[in-house]
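Colleague: File run-v4.txt follows (compact mmCIF, N, CA and C atoms and all ligand atoms):
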```txt
# COMPACT_ATOMS: atom_id res chain seq x y z
N MET A 1 91.84 87.21 118.26
CA MET A 1 93.28 87.41 118.10
C MET A 1 93.98 87.30 119.45
N THR A 2 95.15 86.69 119.43
CA THR A 2 95.88 86.55 120.69
C THR A 2 96.99 87.59 120.79
N ASP A 3 97.26 87.96 122.00
CA ASP A 3 98.29 88.96 122.24
C ASP A 3 99.65 88.28 122.24
N LYS A 4 100.67 89.02 121.78
CA LYS A 4 102.01 88.44 121.75
C LYS A 4 102.66 88.49 123.13
N VAL A 5 102.18 89.36 123.97
CA VAL A 5 102.79 89.46 125.29
C VAL A 5 101.85 88.92 126.36
N SER A 6 102.42 88.54 127.47
CA SER A 6 101.63 87.97 128.56
C SER A 6 100.73 89.03 129.19
N LYS A 7 99.78 88.57 129.95
CA LYS A 7 98.86 89.49 130.62
C LYS A 7 99.59 90.43 131.56
N ALA A 8 100.54 89.85 132.31
CA ALA A 8 101.28 90.64 133.29
C ALA A 8 102.10 91.71 132.58
N LYS A 9 102.70 91.30 131.48
CA LYS A 9 103.53 92.24 130.71
C LYS A 9 102.65 93.35 130.13
N ARG A 10 101.51 92.95 129.60
CA ARG A 10 100.59 93.94 129.02
C ARG A 10 100.18 94.96 130.07
N SER A 11 99.88 94.46 131.24
CA SER A 11 99.46 95.34 132.32
C SER A 11 100.58 96.34 132.65
N LYS A 12 101.82 95.86 132.62
CA LYS A 12 102.97 96.75 132.86
C LYS A 12 103.08 97.81 131.77
N ILE A 13 102.84 97.38 130.54
CA ILE A 13 102.92 98.32 129.41
C ILE A 13 101.87 99.42 129.57
N MET A 14 100.65 99.01 129.90
CA MET A 14 99.58 99.99 130.06
C MET A 14 99.90 100.96 131.19
N GLN A 15 100.49 100.43 132.23
CA GLN A 15 100.87 101.26 133.38
C GLN A 15 101.92 102.30 132.95
N ALA A 16 102.86 101.84 132.12
CA ALA A 16 103.93 102.72 131.64
C ALA A 16 103.34 103.84 130.79
N ILE A 17 102.35 103.50 129.98
CA ILE A 17 101.70 104.51 129.14
C ILE A 17 101.10 105.58 130.03
N LYS A 18 100.42 105.15 131.07
CA LYS A 18 99.79 106.07 132.00
C LYS A 18 100.81 106.99 132.67
N SER A 19 101.89 106.39 133.18
CA SER A 19 102.82 107.21 133.96
C SER A 19 103.63 108.15 133.06
N SER A 20 103.88 107.74 131.82
CA SER A 20 104.62 108.66 130.96
C SER A 20 103.76 109.87 130.61
N ASP A 21 102.46 109.67 130.52
CA ASP A 21 101.57 110.81 130.31
C ASP A 21 101.67 111.77 131.46
N THR A 22 101.71 111.23 132.65
CA THR A 22 101.80 112.06 133.83
C THR A 22 103.07 112.91 133.79
N ALA A 23 104.16 112.30 133.35
CA ALA A 23 105.42 113.03 133.27
C ALA A 23 105.29 114.18 132.27
N LEU A 24 104.60 113.92 131.19
CA LEU A 24 104.40 114.95 130.17
C LEU A 24 103.58 116.11 130.73
N GLU A 25 102.53 115.77 131.46
CA GLU A 25 101.68 116.80 132.07
C GLU A 25 102.48 117.64 133.08
N LYS A 26 103.28 116.95 133.85
CA LYS A 26 104.11 117.64 134.85
C LYS A 26 105.02 118.65 134.17
N ASP A 27 105.60 118.23 133.07
CA ASP A 27 106.51 119.08 132.32
C ASP A 27 105.80 120.33 131.80
N VAL A 28 104.59 120.13 131.29
CA VAL A 28 103.80 121.26 130.78
C VAL A 28 103.51 122.25 131.91
N ARG A 29 103.08 121.69 133.04
CA ARG A 29 102.74 122.54 134.18
C ARG A 29 103.95 123.34 134.66
N LYS A 30 105.08 122.67 134.70
CA LYS A 30 106.32 123.31 135.14
C LYS A 30 106.65 124.50 134.24
N LYS A 31 106.52 124.29 132.95
CA LYS A 31 106.86 125.35 131.99
C LYS A 31 105.89 126.53 132.09
N LEU A 32 104.60 126.22 132.22
CA LEU A 32 103.60 127.28 132.30
C LEU A 32 103.79 128.08 133.59
N TRP A 33 104.16 127.36 134.65
CA TRP A 33 104.39 128.01 135.94
C TRP A 33 105.57 128.96 135.84
N LYS A 34 106.60 128.51 135.13
CA LYS A 34 107.82 129.30 134.91
C LYS A 34 107.50 130.58 134.14
N ILE A 35 106.57 130.47 133.18
CA ILE A 35 106.18 131.64 132.39
C ILE A 35 105.48 132.65 133.30
N GLY A 36 104.87 132.15 134.36
CA GLY A 36 104.23 133.05 135.32
C GLY A 36 102.76 132.79 135.54
N PHE A 37 102.23 131.77 134.89
CA PHE A 37 100.82 131.45 135.11
C PHE A 37 100.65 130.74 136.44
N ARG A 38 99.57 131.07 137.12
CA ARG A 38 99.25 130.41 138.38
C ARG A 38 97.92 129.69 138.23
N PHE A 39 97.92 128.45 138.57
CA PHE A 39 96.74 127.63 138.29
C PHE A 39 96.67 126.47 139.27
N ARG A 40 95.58 125.74 139.18
CA ARG A 40 95.47 124.51 139.96
C ARG A 40 95.60 123.34 139.01
N LYS A 41 96.07 122.23 139.55
CA LYS A 41 96.24 121.05 138.70
C LYS A 41 95.29 119.94 139.11
N ASN A 42 94.97 119.10 138.12
CA ASN A 42 94.09 117.94 138.35
C ASN A 42 92.91 118.30 139.26
N VAL A 43 92.14 119.27 138.79
CA VAL A 43 91.09 119.83 139.63
C VAL A 43 89.88 118.90 139.66
N SER A 44 89.78 118.15 140.74
CA SER A 44 88.80 117.07 140.77
C SER A 44 87.37 117.56 141.00
N ASP A 45 87.20 118.82 141.43
CA ASP A 45 85.82 119.29 141.60
C ASP A 45 85.28 119.93 140.32
N LEU A 46 86.03 119.81 139.22
CA LEU A 46 85.53 120.28 137.94
C LEU A 46 85.34 119.06 137.02
N PRO A 47 84.31 119.12 136.17
CA PRO A 47 84.03 117.99 135.28
C PRO A 47 85.25 117.62 134.43
N GLY A 48 85.51 116.33 134.32
CA GLY A 48 86.62 115.85 133.51
C GLY A 48 87.98 116.03 134.15
N LYS A 49 87.99 116.64 135.36
CA LYS A 49 89.24 116.83 136.09
C LYS A 49 90.34 117.44 135.19
N PRO A 50 90.21 118.74 134.88
CA PRO A 50 91.19 119.38 133.99
C PRO A 50 92.61 119.25 134.54
N ASP A 51 93.57 119.08 133.64
CA ASP A 51 94.96 118.99 134.05
C ASP A 51 95.43 120.31 134.62
N ILE A 52 94.88 121.38 134.07
CA ILE A 52 95.19 122.73 134.54
C ILE A 52 93.89 123.52 134.55
N ALA A 53 93.64 124.27 135.61
CA ALA A 53 92.43 125.10 135.63
C ALA A 53 92.66 126.39 136.39
N ILE A 54 92.07 127.46 135.87
CA ILE A 54 92.03 128.74 136.59
C ILE A 54 90.57 129.15 136.63
N LYS A 55 89.97 128.89 137.78
CA LYS A 55 88.52 129.10 137.91
C LYS A 55 88.13 130.56 137.70
N LYS A 56 88.95 131.44 138.23
CA LYS A 56 88.67 132.88 138.16
C LYS A 56 88.44 133.32 136.72
N TYR A 57 89.19 132.77 135.81
CA TYR A 57 89.08 133.15 134.40
C TYR A 57 88.37 132.08 133.57
N LYS A 58 87.81 131.11 134.25
CA LYS A 58 87.09 130.04 133.56
C LYS A 58 87.95 129.39 132.48
N ILE A 59 89.14 129.00 132.90
CA ILE A 59 90.07 128.37 131.97
C ILE A 59 90.26 126.91 132.36
N ALA A 60 90.10 126.04 131.39
CA ALA A 60 90.37 124.62 131.62
C ALA A 60 91.24 124.08 130.49
N VAL A 61 92.35 123.45 130.88
CA VAL A 61 93.28 122.88 129.91
C VAL A 61 93.32 121.37 130.12
N PHE A 62 93.11 120.65 129.04
CA PHE A 62 93.19 119.20 129.10
C PHE A 62 94.34 118.72 128.22
N ILE A 63 95.15 117.87 128.78
CA ILE A 63 96.21 117.25 127.99
C ILE A 63 95.78 115.81 127.75
N ASP A 64 95.47 115.51 126.51
CA ASP A 64 94.88 114.21 126.20
C ASP A 64 95.91 113.21 125.70
N SER A 65 95.99 112.12 126.39
CA SER A 65 96.86 111.03 125.96
C SER A 65 96.31 110.41 124.68
N CYS A 66 97.19 110.20 123.71
CA CYS A 66 96.76 109.64 122.42
C CYS A 66 96.08 108.30 122.61
N PHE A 67 96.56 107.53 123.56
CA PHE A 67 95.96 106.22 123.79
C PHE A 67 94.60 106.34 124.48
N TRP A 68 94.56 106.94 125.64
CA TRP A 68 93.34 106.93 126.46
C TRP A 68 92.21 107.76 125.88
N HIS A 69 92.55 108.73 125.04
CA HIS A 69 91.51 109.59 124.48
C HIS A 69 91.22 109.27 123.03
N GLY A 70 91.81 108.19 122.54
CA GLY A 70 91.47 107.69 121.20
C GLY A 70 91.91 108.57 120.05
N CYS A 71 93.15 109.05 120.09
CA CYS A 71 93.69 109.83 118.98
C CYS A 71 93.61 109.00 117.69
N SER A 72 93.06 109.62 116.64
CA SER A 72 92.87 108.86 115.40
C SER A 72 94.20 108.51 114.73
N LEU A 73 95.24 109.21 115.10
CA LEU A 73 96.55 108.94 114.49
C LEU A 73 97.36 107.90 115.26
N HIS A 74 97.25 107.91 116.59
CA HIS A 74 98.18 107.10 117.39
C HIS A 74 97.57 106.09 118.33
N CYS A 75 96.26 106.06 118.45
CA CYS A 75 95.69 105.12 119.41
C CYS A 75 95.73 103.71 118.83
N ARG A 76 96.66 102.92 119.33
CA ARG A 76 96.77 101.52 118.89
C ARG A 76 96.37 100.61 120.05
N LEU A 77 95.24 99.95 119.88
CA LEU A 77 94.75 99.13 120.98
C LEU A 77 95.46 97.78 121.01
N PRO A 78 95.65 97.25 122.21
CA PRO A 78 96.25 95.92 122.32
C PRO A 78 95.35 94.91 121.58
N SER A 79 95.97 93.93 120.95
CA SER A 79 95.16 93.00 120.17
C SER A 79 94.42 92.00 121.04
N SER A 80 94.92 91.76 122.25
CA SER A 80 94.18 90.87 123.13
C SER A 80 93.10 91.68 123.83
N ASN A 81 91.97 91.02 124.07
CA ASN A 81 90.93 91.71 124.81
C ASN A 81 90.44 92.96 124.09
N SER A 82 90.43 92.92 122.77
CA SER A 82 90.22 94.14 122.01
C SER A 82 88.83 94.74 122.24
N GLU A 83 87.83 93.87 122.46
CA GLU A 83 86.49 94.41 122.71
C GLU A 83 86.47 95.29 123.95
N TYR A 84 87.18 94.83 124.95
CA TYR A 84 87.25 95.59 126.20
C TYR A 84 87.87 96.97 125.93
N TRP A 85 88.97 96.97 125.18
CA TRP A 85 89.67 98.23 124.94
C TRP A 85 88.88 99.19 124.07
N VAL A 86 88.25 98.63 123.03
CA VAL A 86 87.45 99.48 122.15
C VAL A 86 86.34 100.16 122.96
N ALA A 87 85.66 99.36 123.79
CA ALA A 87 84.56 99.90 124.60
C ALA A 87 85.09 100.96 125.56
N LYS A 88 86.23 100.68 126.15
CA LYS A 88 86.79 101.60 127.15
C LYS A 88 87.17 102.94 126.51
N ILE A 89 87.88 102.87 125.38
CA ILE A 89 88.32 104.10 124.73
C ILE A 89 87.11 104.88 124.18
N GLU A 90 86.14 104.17 123.66
CA GLU A 90 84.95 104.86 123.16
C GLU A 90 84.21 105.57 124.28
N ARG A 91 84.19 104.92 125.44
CA ARG A 91 83.56 105.53 126.61
C ARG A 91 84.31 106.82 126.98
N ASN A 92 85.62 106.75 126.96
CA ASN A 92 86.43 107.94 127.26
C ASN A 92 86.13 109.07 126.29
N MET A 93 86.02 108.73 125.01
CA MET A 93 85.79 109.76 123.98
C MET A 93 84.42 110.40 124.15
N ARG A 94 83.44 109.57 124.50
CA ARG A 94 82.10 110.13 124.74
C ARG A 94 82.11 111.05 125.95
N ARG A 95 82.86 110.65 126.97
CA ARG A 95 82.96 111.47 128.18
C ARG A 95 83.62 112.81 127.84
N ASP A 96 84.65 112.77 127.01
CA ASP A 96 85.31 114.02 126.60
C ASP A 96 84.31 114.96 125.93
N GLU A 97 83.46 114.40 125.08
CA GLU A 97 82.47 115.24 124.39
C GLU A 97 81.50 115.88 125.38
N THR A 98 81.06 115.07 126.35
CA THR A 98 80.15 115.59 127.37
C THR A 98 80.81 116.71 128.16
N VAL A 99 82.07 116.49 128.50
CA VAL A 99 82.83 117.48 129.26
C VAL A 99 82.98 118.77 128.45
N ASN A 100 83.34 118.63 127.17
CA ASN A 100 83.48 119.82 126.30
C ASN A 100 82.19 120.62 126.26
N LYS A 101 81.09 119.90 126.13
CA LYS A 101 79.78 120.53 126.03
C LYS A 101 79.47 121.30 127.31
N TYR A 102 79.78 120.68 128.44
CA TYR A 102 79.53 121.32 129.72
C TYR A 102 80.25 122.66 129.79
N TYR A 103 81.53 122.66 129.47
CA TYR A 103 82.32 123.90 129.60
C TYR A 103 81.85 124.97 128.61
N ARG A 104 81.53 124.54 127.40
CA ARG A 104 81.05 125.51 126.40
C ARG A 104 79.77 126.17 126.90
N GLU A 105 78.89 125.36 127.45
CA GLU A 105 77.61 125.90 127.91
C GLU A 105 77.77 126.84 129.10
N GLN A 106 78.82 126.58 129.89
CA GLN A 106 79.05 127.41 131.07
C GLN A 106 79.92 128.62 130.75
N GLY A 107 80.27 128.77 129.48
CA GLY A 107 81.07 129.93 129.07
C GLY A 107 82.53 129.85 129.45
N TRP A 108 83.04 128.64 129.58
CA TRP A 108 84.46 128.47 129.90
C TRP A 108 85.32 128.52 128.65
N ASN A 109 86.59 128.80 128.87
CA ASN A 109 87.59 128.71 127.82
C ASN A 109 88.28 127.35 127.99
N ILE A 110 88.06 126.49 127.03
CA ILE A 110 88.60 125.14 127.17
C ILE A 110 89.50 124.80 125.99
N ILE A 111 90.61 124.19 126.30
CA ILE A 111 91.53 123.76 125.25
C ILE A 111 91.95 122.32 125.53
N ARG A 112 91.99 121.54 124.46
CA ARG A 112 92.49 120.17 124.56
C ARG A 112 93.74 120.06 123.71
N VAL A 113 94.79 119.57 124.32
CA VAL A 113 96.06 119.42 123.61
C VAL A 113 96.39 117.93 123.56
N TRP A 114 96.69 117.46 122.37
CA TRP A 114 97.06 116.05 122.24
C TRP A 114 98.48 115.82 122.73
N GLU A 115 98.64 114.69 123.32
CA GLU A 115 99.98 114.23 123.72
C GLU A 115 100.96 114.34 122.54
N HIS A 116 100.51 113.99 121.33
CA HIS A 116 101.43 113.99 120.19
C HIS A 116 101.87 115.41 119.81
N GLN A 117 101.04 116.41 120.13
CA GLN A 117 101.45 117.79 119.86
C GLN A 117 102.62 118.17 120.76
N LEU A 118 102.55 117.66 122.01
CA LEU A 118 103.61 117.98 122.98
C LEU A 118 104.87 117.16 122.72
N ARG A 119 104.68 115.97 122.20
CA ARG A 119 105.85 115.14 121.90
C ARG A 119 106.48 115.56 120.58
N GLY A 120 105.68 116.17 119.71
CA GLY A 120 106.21 116.64 118.43
C GLY A 120 106.92 117.96 118.63
N ASN A 121 106.27 119.04 118.19
CA ASN A 121 106.87 120.36 118.39
C ASN A 121 106.47 120.88 119.77
N HIS A 122 107.26 120.49 120.75
CA HIS A 122 106.94 120.76 122.15
C HIS A 122 106.79 122.26 122.44
N ASP A 123 107.77 123.04 122.00
CA ASP A 123 107.75 124.48 122.27
C ASP A 123 106.52 125.15 121.66
N LYS A 124 106.18 124.72 120.46
CA LYS A 124 105.02 125.28 119.78
C LYS A 124 103.75 124.98 120.58
N ALA A 125 103.65 123.76 121.07
CA ALA A 125 102.48 123.36 121.84
C ALA A 125 102.38 124.16 123.14
N ILE A 126 103.52 124.33 123.81
CA ILE A 126 103.54 125.11 125.05
C ILE A 126 103.12 126.56 124.76
N ASN A 127 103.66 127.09 123.67
CA ASN A 127 103.31 128.45 123.27
C ASN A 127 101.83 128.61 123.02
N GLU A 128 101.24 127.60 122.38
CA GLU A 128 99.81 127.66 122.09
C GLU A 128 98.99 127.65 123.37
N ILE A 129 99.41 126.84 124.31
CA ILE A 129 98.68 126.80 125.59
C ILE A 129 98.83 128.14 126.31
N ALA A 130 100.05 128.67 126.29
CA ALA A 130 100.31 129.95 126.96
C ALA A 130 99.48 131.07 126.32
N ASP A 131 99.44 131.10 125.00
CA ASP A 131 98.64 132.11 124.30
C ASP A 131 97.16 131.97 124.66
N PHE A 132 96.72 130.75 124.70
CA PHE A 132 95.32 130.48 125.02
C PHE A 132 94.97 131.01 126.41
N ILE A 133 95.82 130.72 127.39
CA ILE A 133 95.58 131.17 128.76
C ILE A 133 95.60 132.70 128.82
N GLU A 134 96.60 133.27 128.16
CA GLU A 134 96.75 134.73 128.14
C GLU A 134 95.49 135.41 127.56
N LEU A 135 95.06 134.92 126.42
CA LEU A 135 93.89 135.51 125.76
C LEU A 135 92.64 135.36 126.62
N ALA A 136 92.47 134.18 127.19
CA ALA A 136 91.29 133.92 128.02
C ALA A 136 91.30 134.83 129.25
N THR A 137 92.49 135.09 129.77
CA THR A 137 92.63 135.97 130.93
C THR A 137 92.22 137.39 130.57
N LEU A 138 92.72 137.86 129.41
CA LEU A 138 92.41 139.21 128.97
C LEU A 138 90.92 139.38 128.68
N LYS A 139 90.34 138.34 128.08
CA LYS A 139 88.92 138.36 127.73
C LYS A 139 88.08 138.58 128.98
N THR A 140 88.48 137.96 130.06
CA THR A 140 87.68 138.03 131.27
C THR A 140 87.91 139.34 132.04
N THR A 141 89.14 139.88 131.95
CA THR A 141 89.43 141.09 132.72
C THR A 141 88.91 142.34 132.00
N ASN A 142 88.76 142.25 130.65
CA ASN A 142 88.30 143.43 129.91
C ASN A 142 86.78 143.55 129.90
ZN ZN B 201 98.10 111.38 118.74
```
Show how you would write the structure in this file as structure tokens.
Ligand SMILES: [Zn+2]
Modeller:
Amino acid sequence: MTDKVSKAKRSKIMQAIKSSDTALEKDVRKKLWKIGFRFRKNVSDLPGKPDIAIKKYKIAVFIDSCFWHGCSLHCRLPSSNSEYWVAKIERNMRRDETVNKYYREQGWNIIRVWEHQLRGNHDKAINEIADFIELATLKTTN
């Protein structure tokens, strides 16, 4: 199958997908910070590089882009080069599973939030993340 858009254009589209995710993550972090949570972002010394992490309480929050993490509802792969994309997204999904397993085994509190949850009922999604962090904090201090 051939793509309707040029290679250069496709590359721009993919770049836009990436950067809009970043904006979404930034927004989440800003709101959680405002609520009063203190955390580190994009923690590269932890597996899977959590978007938000609080090591002290073993909390890891991942915000998963519907495209890059293969959301069954919204991941629409470009029609050109489809084998490449299928392989890439499948690799990402397998990596997510490995990462989840690692944190579970280490006794971490891990939550994955889909991009579509944040784009849909944004406040509800933020509340869920906040509740999750709060509960995980209490669990560790008690
Ligand atoms: Zn989705």
Colleague: Name each residue within 8 Å of ligand ZN 201 (chain B), counting only N, CA and C atoms and all ligand atoms, as a list in words.
Modeller: Asp64, Ser65, Cys66, Phe67, Gly70, Cys71, Ser72, Leu73, His74, Cys75, Trp114, Glu115, His116 and Gln117 of chain A
Colleague: Work out how far apart atom N of Asp96 (chain A) and CA of Arg119 (chain A) are and give it in Å to one decimal.
Modeller: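 If I compute the distance from atom N of Asp96 (chain A) to CA of Arg119 (chain A), I get 21.9 Å.
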Colleague: Separation of atom C of Glu105 (chain A) and CA of Glu90 (chain A), in Å?
Modeller: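 If I compute the distance from atom C of Glu105 (chain A) to CA of Glu90 (chain A), I get 23.9 Å.
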Colleague: I'd like the interatomic distance between atom C of His69 (chain A) and CA of Lys88 (chain A), to a tenth of an Å.
Modeller: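 Computing it gives 9.8 Å between the two atoms.
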Colleague: Mind checking which residues fall within 7 Å of Val61 (chain A), counting all atoms listed in the file, ignoring those fewer than 6 positions away in the same chain, and posting them as a PyMOL selection string?
Modeller: chain A and resi 50-54+109-113
Colleague: Based on DSSP run over this structure's backbone, return all residues of chain A in alpha helix (DSSP H), as an MDAnalysis selection string.
Modeller: chainID A and resid 7:35 82:105 115:119 122:141
Colleague: Under the rule that only C-alpha atoms are counted, which of A:Lys139, A:Arg76, A:Lys9, A:His122 is the nearest residue to Gly107 (chain A)?
Modeller: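 Distance minimum relative to Gly107 (chain A) lands on A:Lys139.
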Colleague: Rank A:Phe37, A:Tyr102, A:Trp108, A:Trp68 by their smallest atom-to-atom distance to Ile89 (chain A), using all atoms listed in the file, and report the top residue only.
Modeller: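 When distances to Ile89 (chain A) are compared using all atoms listed in the file, the smallest one comes from A:Trp68.
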Colleague: DSSP on the backbone: what in region 6-116 of chain A comes out strand (DSSP E or B), as a PyMOL selection string?
Modeller: chain A and resi 40-41+52-54+59-64+109-114
Colleague: Please produce an output containing N, CA and C atoms for each residue in the selection, written as a tab-separated table (two decimals), keeping the file's coordinate frame.
Modeller:
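Ended up saving to result32.tsv:
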```tsv
chain	number	residue	atom	x	y	z
A	40	ARG	N	95.58	125.74	139.18
A	40	ARG	CA	95.47	124.51	139.96
A	40	ARG	C	95.60	123.34	139.01
A	41	LYS	N	96.07	122.23	139.55
A	41	LYS	CA	96.24	121.05	138.70
A	41	LYS	C	95.29	119.94	139.11
A	52	ILE	N	94.88	121.38	134.07
A	52	ILE	CA	95.19	122.73	134.54
A	52	ILE	C	93.89	123.52	134.55
A	53	ALA	N	93.64	124.27	135.61
A	53	ALA	CA	92.43	125.10	135.63
A	53	ALA	C	92.66	126.39	136.39
A	54	ILE	N	92.07	127.46	135.87
A	54	ILE	CA	92.03	128.74	136.59
A	54	ILE	C	90.57	129.15	136.63
A	59	ILE	N	89.14	129.00	132.90
A	59	ILE	CA	90.07	128.37	131.97
A	59	ILE	C	90.26	126.91	132.36
A	60	ALA	N	90.10	126.04	131.39
A	60	ALA	CA	90.37	124.62	131.62
A	60	ALA	C	91.24	124.08	130.49
A	61	VAL	N	92.35	123.45	130.88
A	61	VAL	CA	93.28	122.88	129.91
A	61	VAL	C	93.32	121.37	130.12
A	62	PHE	N	93.11	120.65	129.04
A	62	PHE	CA	93.19	119.20	129.10
A	62	PHE	C	94.34	118.72	128.22
A	63	ILE	N	95.15	117.87	128.78
A	63	ILE	CA	96.21	117.25	127.99
A	63	ILE	C	95.78	115.81	127.75
A	64	ASP	N	95.47	115.51	126.51
A	64	ASP	CA	94.88	114.21	126.20
A	64	ASP	C	95.91	113.21	125.70
A	109	ASN	N	86.59	128.80	128.87
A	109	ASN	CA	87.59	128.71	127.82
A	109	ASN	C	88.28	127.35	127.99
A	110	ILE	N	88.06	126.49	127.03
A	110	ILE	CA	88.60	125.14	127.17
A	110	ILE	C	89.50	124.80	125.99
A	111	ILE	N	90.61	124.19	126.30
A	111	ILE	CA	91.53	123.76	125.25
A	111	ILE	C	91.95	122.32	125.53
A	112	ARG	N	91.99	121.54	124.46
A	112	ARG	CA	92.49	120.17	124.56
A	112	ARG	C	93.74	120.06	123.71
A	113	VAL	N	94.79	119.57	124.32
A	113	VAL	CA	96.06	119.42	123.61
A	113	VAL	C	96.39	117.93	123.56
A	114	TRP	N	96.69	117.46	122.37
A	114	TRP	CA	97.06	116.05	122.24
A	114	TRP	C	98.48	115.82	122.73
```
Colleague: Using only C-alpha atoms, pick whichever of A:Lys7, A:Gly48, A:Leu32, A:Glu134 has the shortest atom-to-atom distance to Asn92 (chain A).
Modeller: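 That would be A:Gly48, the residue with the smallest distance to Asn92 (chain A).
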Colleague: Taking all atoms listed in the file into account, which of A:Leu46, A:Gln106, A:Leu118, A:Ser11 comes nearest Leu24 (chain A)?
Modeller: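 Result for the nearest residue to Leu24 (chain A): A:Leu118.
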